[in-house]
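*Asks:* Below you will find the structure I want to go over with you.
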Amino acid sequence: MALKGLDLPRRAGSLPGLLVAAALATVLWDTWLVWPLKILTVFFHEISHNLAALLTGGTMGRIMLESNEGGTAWASGGSRFLVLNAGYLGSLLWGSGLMLAAASTRRDSQLTTLLAAFLGAMTVFYVRSPFGFGFGLASALGLLWCARRLSDASND
C-alpha cells in the first residue's frame, strides 16, 4: 500500500523505533535530556507567529527564547486572529510536516541541512535574546553536523 509519494511498506520498520523514542521522551520528559527538544518546540512556536504575520500581509519581528521554556514573538500587521493562533498550530504543522517529509524522501540529510539553514537564518535575523541566539545557532550547527556526519537513516 503506497500513498502518493509515501512508501509505507518501506518505512514500516521505523514504527518500532518511533514508539521507543516516544516512550523514552515520556519517561525522560522532566530531565535535561529532553529540555533542548522543548526549547526547539518553543522556537518553532515563535517562528510560526512571525510567519503567520508575514503570510497575511504583516511583517516579522524579533523573537525571544528563554531557558525556562518561554518565548515571545513580535510581529506587526497581518491577520491578528491567525497570528495569535499560529503558535500552537504552527508547532503541530512543523512537526507533522517534518515527519511527512522525512517519510516521503530518501534525502534525509538534505532535509536536515535545509532545516539547519532555516533555523540558522531565523536565529541571525530575528532572535534577539542572548540565550535564544546561542540556542538557535547551536541547534543549526548541531543539525548541520548531523546532516554531514550521520547516515540518512539517522537523519530520518
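Numbering starts fresh at 1 for the residues of each chain in the C-alpha cells, the chains themselves are lettered A, B, ... in the order given, and ligands are numbered from 1 as they appear.
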Show me, as a PyMOL selection string, the residues that have an atom within 10 Å of Trp94 (chain A) when counting only C-alpha atoms, minus same-chain residues fewer than 5 positions from it.

*Replies:* chain A and resi 41+44-45+48+88-89+99-100

*Asks:* Give me the residues near Asn155 (chain A) as a PyMOL selection string, where near means some atom within 7 Å (using only C-alpha atoms) and where sequence neighbours in that chain fewer than 6 positions away do not count.

*Replies:* chain A and resi 108-109+112+146-147

*Asks:* If DSSP is run on the backbone, what residues of region 21-108 of chain A are alpha helix (DSSP H)? A reply as an MDAnalysis selection string would be ideal.

*Replies:* chainID A and resid 21:27 35:55 80:103 108

*Asks:* Save out the residues we just selected, N, CA and C atoms, as a compact mmCIF listing (two decimals), in the first residue's frame.

*Replies:*
```txt
# COMPACT_ATOMS: atom_id res chain seq x y z
N ALA A 21 11.18 5.86 20.80
CA ALA A 21 11.51 7.27 21.01
C ALA A 21 10.41 7.97 21.80
N ALA A 22 9.15 7.69 21.47
CA ALA A 22 8.03 8.31 22.19
C ALA A 22 8.01 7.86 23.65
N ALA A 23 8.26 6.59 23.90
CA ALA A 23 8.29 6.09 25.27
C ALA A 23 9.43 6.72 26.06
N LEU A 24 10.60 6.83 25.44
CA LEU A 24 11.75 7.45 26.11
C LEU A 24 11.47 8.93 26.41
N ALA A 25 10.88 9.63 25.46
CA ALA A 25 10.56 11.05 25.68
C ALA A 25 9.58 11.21 26.83
N THR A 26 8.63 10.29 26.94
CA THR A 26 7.65 10.36 28.02
C THR A 26 8.32 10.12 29.37
N VAL A 27 9.15 9.09 29.44
CA VAL A 27 9.82 8.76 30.70
C VAL A 27 10.81 9.85 31.10
N TRP A 35 15.00 18.55 27.48
CA TRP A 35 14.90 20.00 27.54
C TRP A 35 15.23 20.70 26.22
N PRO A 36 16.31 20.32 25.49
CA PRO A 36 16.57 21.00 24.21
C PRO A 36 15.43 20.84 23.20
N LEU A 37 14.76 19.70 23.21
CA LEU A 37 13.63 19.50 22.29
C LEU A 37 12.45 20.39 22.67
N LYS A 38 12.28 20.62 23.96
CA LYS A 38 11.21 21.53 24.40
C LYS A 38 11.50 22.95 23.93
N ILE A 39 12.76 23.38 24.08
CA ILE A 39 13.14 24.73 23.65
C ILE A 39 13.00 24.85 22.13
N LEU A 40 13.38 23.80 21.41
CA LEU A 40 13.24 23.82 19.95
C LEU A 40 11.76 23.94 19.56
N THR A 41 10.89 23.29 20.29
CA THR A 41 9.46 23.40 20.04
C THR A 41 8.98 24.84 20.27
N VAL A 42 9.49 25.47 21.32
CA VAL A 42 9.15 26.87 21.58
C VAL A 42 9.64 27.74 20.42
N PHE A 43 10.83 27.45 19.91
CA PHE A 43 11.38 28.20 18.78
C PHE A 43 10.44 28.10 17.57
N PHE A 44 10.00 26.89 17.24
CA PHE A 44 9.07 26.72 16.12
C PHE A 44 7.75 27.43 16.40
N HIS A 45 7.31 27.43 17.64
CA HIS A 45 6.08 28.11 18.03
C HIS A 45 6.20 29.61 17.73
N GLU A 46 7.31 30.21 18.15
CA GLU A 46 7.50 31.65 17.94
C GLU A 46 7.72 31.98 16.46
N ILE A 47 8.46 31.14 15.76
CA ILE A 47 8.64 31.33 14.31
C ILE A 47 7.28 31.34 13.62
N SER A 48 6.39 30.47 14.06
CA SER A 48 5.06 30.35 13.43
C SER A 48 4.25 31.63 13.58
N HIS A 49 4.34 32.27 14.74
CA HIS A 49 3.66 33.55 14.91
C HIS A 49 4.15 34.55 13.86
N ASN A 50 5.47 34.65 13.72
CA ASN A 50 6.04 35.60 12.76
C ASN A 50 5.70 35.25 11.32
N LEU A 51 5.78 33.98 10.98
CA LEU A 51 5.44 33.58 9.60
C LEU A 51 3.98 33.85 9.28
N ALA A 52 3.10 33.65 10.27
CA ALA A 52 1.67 33.94 10.05
C ALA A 52 1.47 35.43 9.76
N ALA A 53 2.20 36.27 10.47
CA ALA A 53 2.11 37.71 10.21
C ALA A 53 2.57 38.00 8.79
N LEU A 54 3.70 37.45 8.40
CA LEU A 54 4.24 37.68 7.05
C LEU A 54 3.29 37.18 5.97
N LEU A 55 2.75 35.98 6.16
CA LEU A 55 1.86 35.39 5.15
C LEU A 55 0.51 36.08 5.04
N ARG A 80 -4.64 39.44 12.82
CA ARG A 80 -4.41 39.25 14.27
C ARG A 80 -4.88 37.87 14.71
N PHE A 81 -6.02 37.43 14.23
CA PHE A 81 -6.56 36.12 14.60
C PHE A 81 -5.58 35.01 14.21
N LEU A 82 -5.09 35.03 12.98
CA LEU A 82 -4.18 33.98 12.53
C LEU A 82 -2.82 34.06 13.22
N VAL A 83 -2.32 35.27 13.42
CA VAL A 83 -1.02 35.43 14.08
C VAL A 83 -1.09 34.89 15.51
N LEU A 84 -2.15 35.24 16.23
CA LEU A 84 -2.26 34.79 17.62
C LEU A 84 -2.44 33.28 17.73
N ASN A 85 -3.11 32.68 16.78
CA ASN A 85 -3.35 31.23 16.82
C ASN A 85 -2.26 30.41 16.15
N ALA A 86 -1.33 31.06 15.52
CA ALA A 86 -0.31 30.34 14.73
C ALA A 86 0.71 29.60 15.58
N GLY A 87 0.89 29.96 16.83
CA GLY A 87 1.93 29.34 17.65
C GLY A 87 1.74 27.85 17.83
N TYR A 88 0.65 27.46 18.46
CA TYR A 88 0.41 26.04 18.71
C TYR A 88 0.12 25.29 17.42
N LEU A 89 -0.67 25.89 16.56
CA LEU A 89 -0.96 25.24 15.29
C LEU A 89 0.32 25.10 14.46
N GLY A 90 1.15 26.12 14.49
CA GLY A 90 2.41 26.07 13.75
C GLY A 90 3.33 24.98 14.26
N SER A 91 3.44 24.83 15.59
CA SER A 91 4.27 23.77 16.16
C SER A 91 3.79 22.41 15.67
N LEU A 92 2.48 22.23 15.66
CA LEU A 92 1.90 20.98 15.17
C LEU A 92 2.22 20.77 13.69
N LEU A 93 2.06 21.82 12.89
CA LEU A 93 2.32 21.69 11.45
C LEU A 93 3.80 21.47 11.15
N TRP A 94 4.69 22.13 11.90
CA TRP A 94 6.13 21.91 11.71
C TRP A 94 6.47 20.45 11.99
N GLY A 95 6.01 19.93 13.12
CA GLY A 95 6.30 18.54 13.47
C GLY A 95 5.74 17.56 12.47
N SER A 96 4.49 17.77 12.09
CA SER A 96 3.85 16.89 11.11
C SER A 96 4.53 16.98 9.75
N GLY A 97 4.83 18.20 9.34
CA GLY A 97 5.49 18.40 8.04
C GLY A 97 6.86 17.76 7.98
N LEU A 98 7.62 17.90 9.05
CA LEU A 98 8.95 17.28 9.08
C LEU A 98 8.85 15.76 9.06
N MET A 99 7.90 15.21 9.80
CA MET A 99 7.73 13.75 9.80
C MET A 99 7.31 13.25 8.42
N LEU A 100 6.37 13.94 7.78
CA LEU A 100 5.93 13.54 6.45
C LEU A 100 7.05 13.69 5.42
N ALA A 101 7.79 14.77 5.52
CA ALA A 101 8.91 14.98 4.59
C ALA A 101 9.96 13.89 4.76
N ALA A 102 10.27 13.55 6.00
CA ALA A 102 11.27 12.51 6.24
C ALA A 102 10.77 11.15 5.76
N ALA A 103 9.47 10.90 5.91
CA ALA A 103 8.91 9.62 5.50
C ALA A 103 8.76 9.50 3.98
N ASP A 108 17.18 12.43 3.43
CA ASP A 108 17.02 12.95 4.78
C ASP A 108 18.16 13.87 5.20
```

*Asks:* Would you please give, as a list in words, all residues of region 11-136 of chain A that DSSP assigns to strand (DSSP E) based on the backbone?

*Replies:*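 Matching residues, listed in order: Thr59, Met60, Gly61, Arg62, Ile63, Met64, Leu65, Gly71, Thr72, Ala73, Trp74, Ala75 and Ser76 of chain A.
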
*Asks:* Please produce a file of the residues just selected, as a compact mmCIF listing (two decimals), in the first residue's frame, where the atoms kept are all heavy atoms.

*Replies:*
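Result file is selection_17.txt:
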```
# COMPACT_ATOMS: atom_id res chain seq x y z
N THR A 59 4.53 42.07 8.95
CA THR A 59 5.99 41.94 8.93
C THR A 59 6.44 41.11 10.14
O THR A 59 5.80 41.12 11.19
CB THR A 59 6.69 43.31 8.99
OG1 THR A 59 6.26 43.99 10.16
CG2 THR A 59 6.37 44.14 7.78
N MET A 60 7.53 40.42 9.94
CA MET A 60 8.10 39.62 11.01
C MET A 60 8.93 40.51 11.92
O MET A 60 9.55 41.47 11.46
CB MET A 60 8.98 38.50 10.43
CG MET A 60 8.18 37.48 9.67
SD MET A 60 9.15 36.22 8.82
CE MET A 60 10.21 35.60 10.05
N GLY A 61 8.92 40.20 13.19
CA GLY A 61 9.70 40.96 14.16
C GLY A 61 10.63 40.05 14.93
O GLY A 61 10.88 38.92 14.55
N ARG A 62 11.11 40.55 16.04
CA ARG A 62 12.09 39.80 16.80
C ARG A 62 11.47 38.63 17.56
O ARG A 62 10.26 38.62 17.83
CB ARG A 62 12.83 40.72 17.74
CG ARG A 62 11.98 41.31 18.82
CD ARG A 62 12.78 42.30 19.65
NE ARG A 62 11.86 42.99 20.53
CZ ARG A 62 12.19 43.49 21.68
NH1 ARG A 62 13.43 43.41 22.09
NH2 ARG A 62 11.31 44.11 22.42
N ILE A 63 12.34 37.69 17.91
CA ILE A 63 11.95 36.51 18.67
C ILE A 63 12.83 36.44 19.90
O ILE A 63 14.04 36.67 19.82
CB ILE A 63 12.12 35.22 17.83
CG1 ILE A 63 11.12 35.20 16.67
CG2 ILE A 63 11.96 33.97 18.70
CD1 ILE A 63 11.33 34.06 15.71
N MET A 64 12.22 36.13 21.03
CA MET A 64 12.96 35.92 22.27
C MET A 64 12.73 34.48 22.71
O MET A 64 11.59 34.02 22.71
CB MET A 64 12.48 36.88 23.36
CG MET A 64 12.52 38.34 22.98
SD MET A 64 14.15 39.03 22.96
CE MET A 64 14.37 39.40 24.67
N LEU A 65 13.79 33.79 23.06
CA LEU A 65 13.70 32.45 23.65
C LEU A 65 14.36 32.50 25.01
O LEU A 65 15.40 33.13 25.17
CB LEU A 65 14.43 31.41 22.80
CG LEU A 65 13.87 31.07 21.44
CD1 LEU A 65 14.79 30.09 20.72
CD2 LEU A 65 12.49 30.48 21.56
N GLY A 71 8.99 31.96 25.55
CA GLY A 71 9.38 32.69 24.36
C GLY A 71 8.36 33.76 24.03
O GLY A 71 7.23 33.74 24.52
N THR A 72 8.78 34.70 23.20
CA THR A 72 7.91 35.78 22.75
C THR A 72 8.27 36.11 21.32
O THR A 72 9.44 36.07 20.94
CB THR A 72 8.13 37.05 23.61
OG1 THR A 72 8.04 36.70 24.98
CG2 THR A 72 7.10 38.11 23.29
N ALA A 73 7.26 36.41 20.54
CA ALA A 73 7.47 36.85 19.16
C ALA A 73 6.80 38.20 18.98
O ALA A 73 5.67 38.40 19.45
CB ALA A 73 6.88 35.84 18.18
N TRP A 74 7.48 39.12 18.33
CA TRP A 74 6.92 40.42 17.99
C TRP A 74 6.72 40.45 16.49
O TRP A 74 7.64 40.15 15.72
CB TRP A 74 7.85 41.55 18.38
CG TRP A 74 7.81 41.88 19.82
CD1 TRP A 74 7.03 42.82 20.43
CD2 TRP A 74 8.59 41.30 20.87
NE1 TRP A 74 7.27 42.85 21.78
CE2 TRP A 74 8.23 41.92 22.07
CE3 TRP A 74 9.56 40.28 20.90
CZ2 TRP A 74 8.80 41.58 23.29
CZ3 TRP A 74 10.12 39.94 22.11
CH2 TRP A 74 9.74 40.59 23.28
N ALA A 75 5.53 40.80 16.07
CA ALA A 75 5.22 40.94 14.65
C ALA A 75 4.25 42.11 14.54
O ALA A 75 3.59 42.48 15.51
CB ALA A 75 4.59 39.66 14.11
N SER A 76 4.16 42.67 13.35
CA SER A 76 3.20 43.76 13.17
C SER A 76 2.39 43.50 11.90
O SER A 76 2.90 42.94 10.93
CB SER A 76 3.91 45.11 13.09
OG SER A 76 4.82 45.12 12.02
```

*Asks:* Please, what distance in Å, to one decimal, runs between CA of Glu69 (chain A) and CA of Tyr126 (chain A)?

*Replies:*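 Separating CA of Glu69 (chain A) from CA of Tyr126 (chain A) is a distance of 17.8 Å.
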
*Asks:* Just want the 12 Å neighbourhood of Gly134 (chain A), counted on only C-alpha atoms, with same-chain residues fewer than 3 positions away dropped. Output as a VMD selection string.

*Replies:* chain A and resid 39 64 to 67 119 to 120 123 to 124 127 to 131 137 to 142
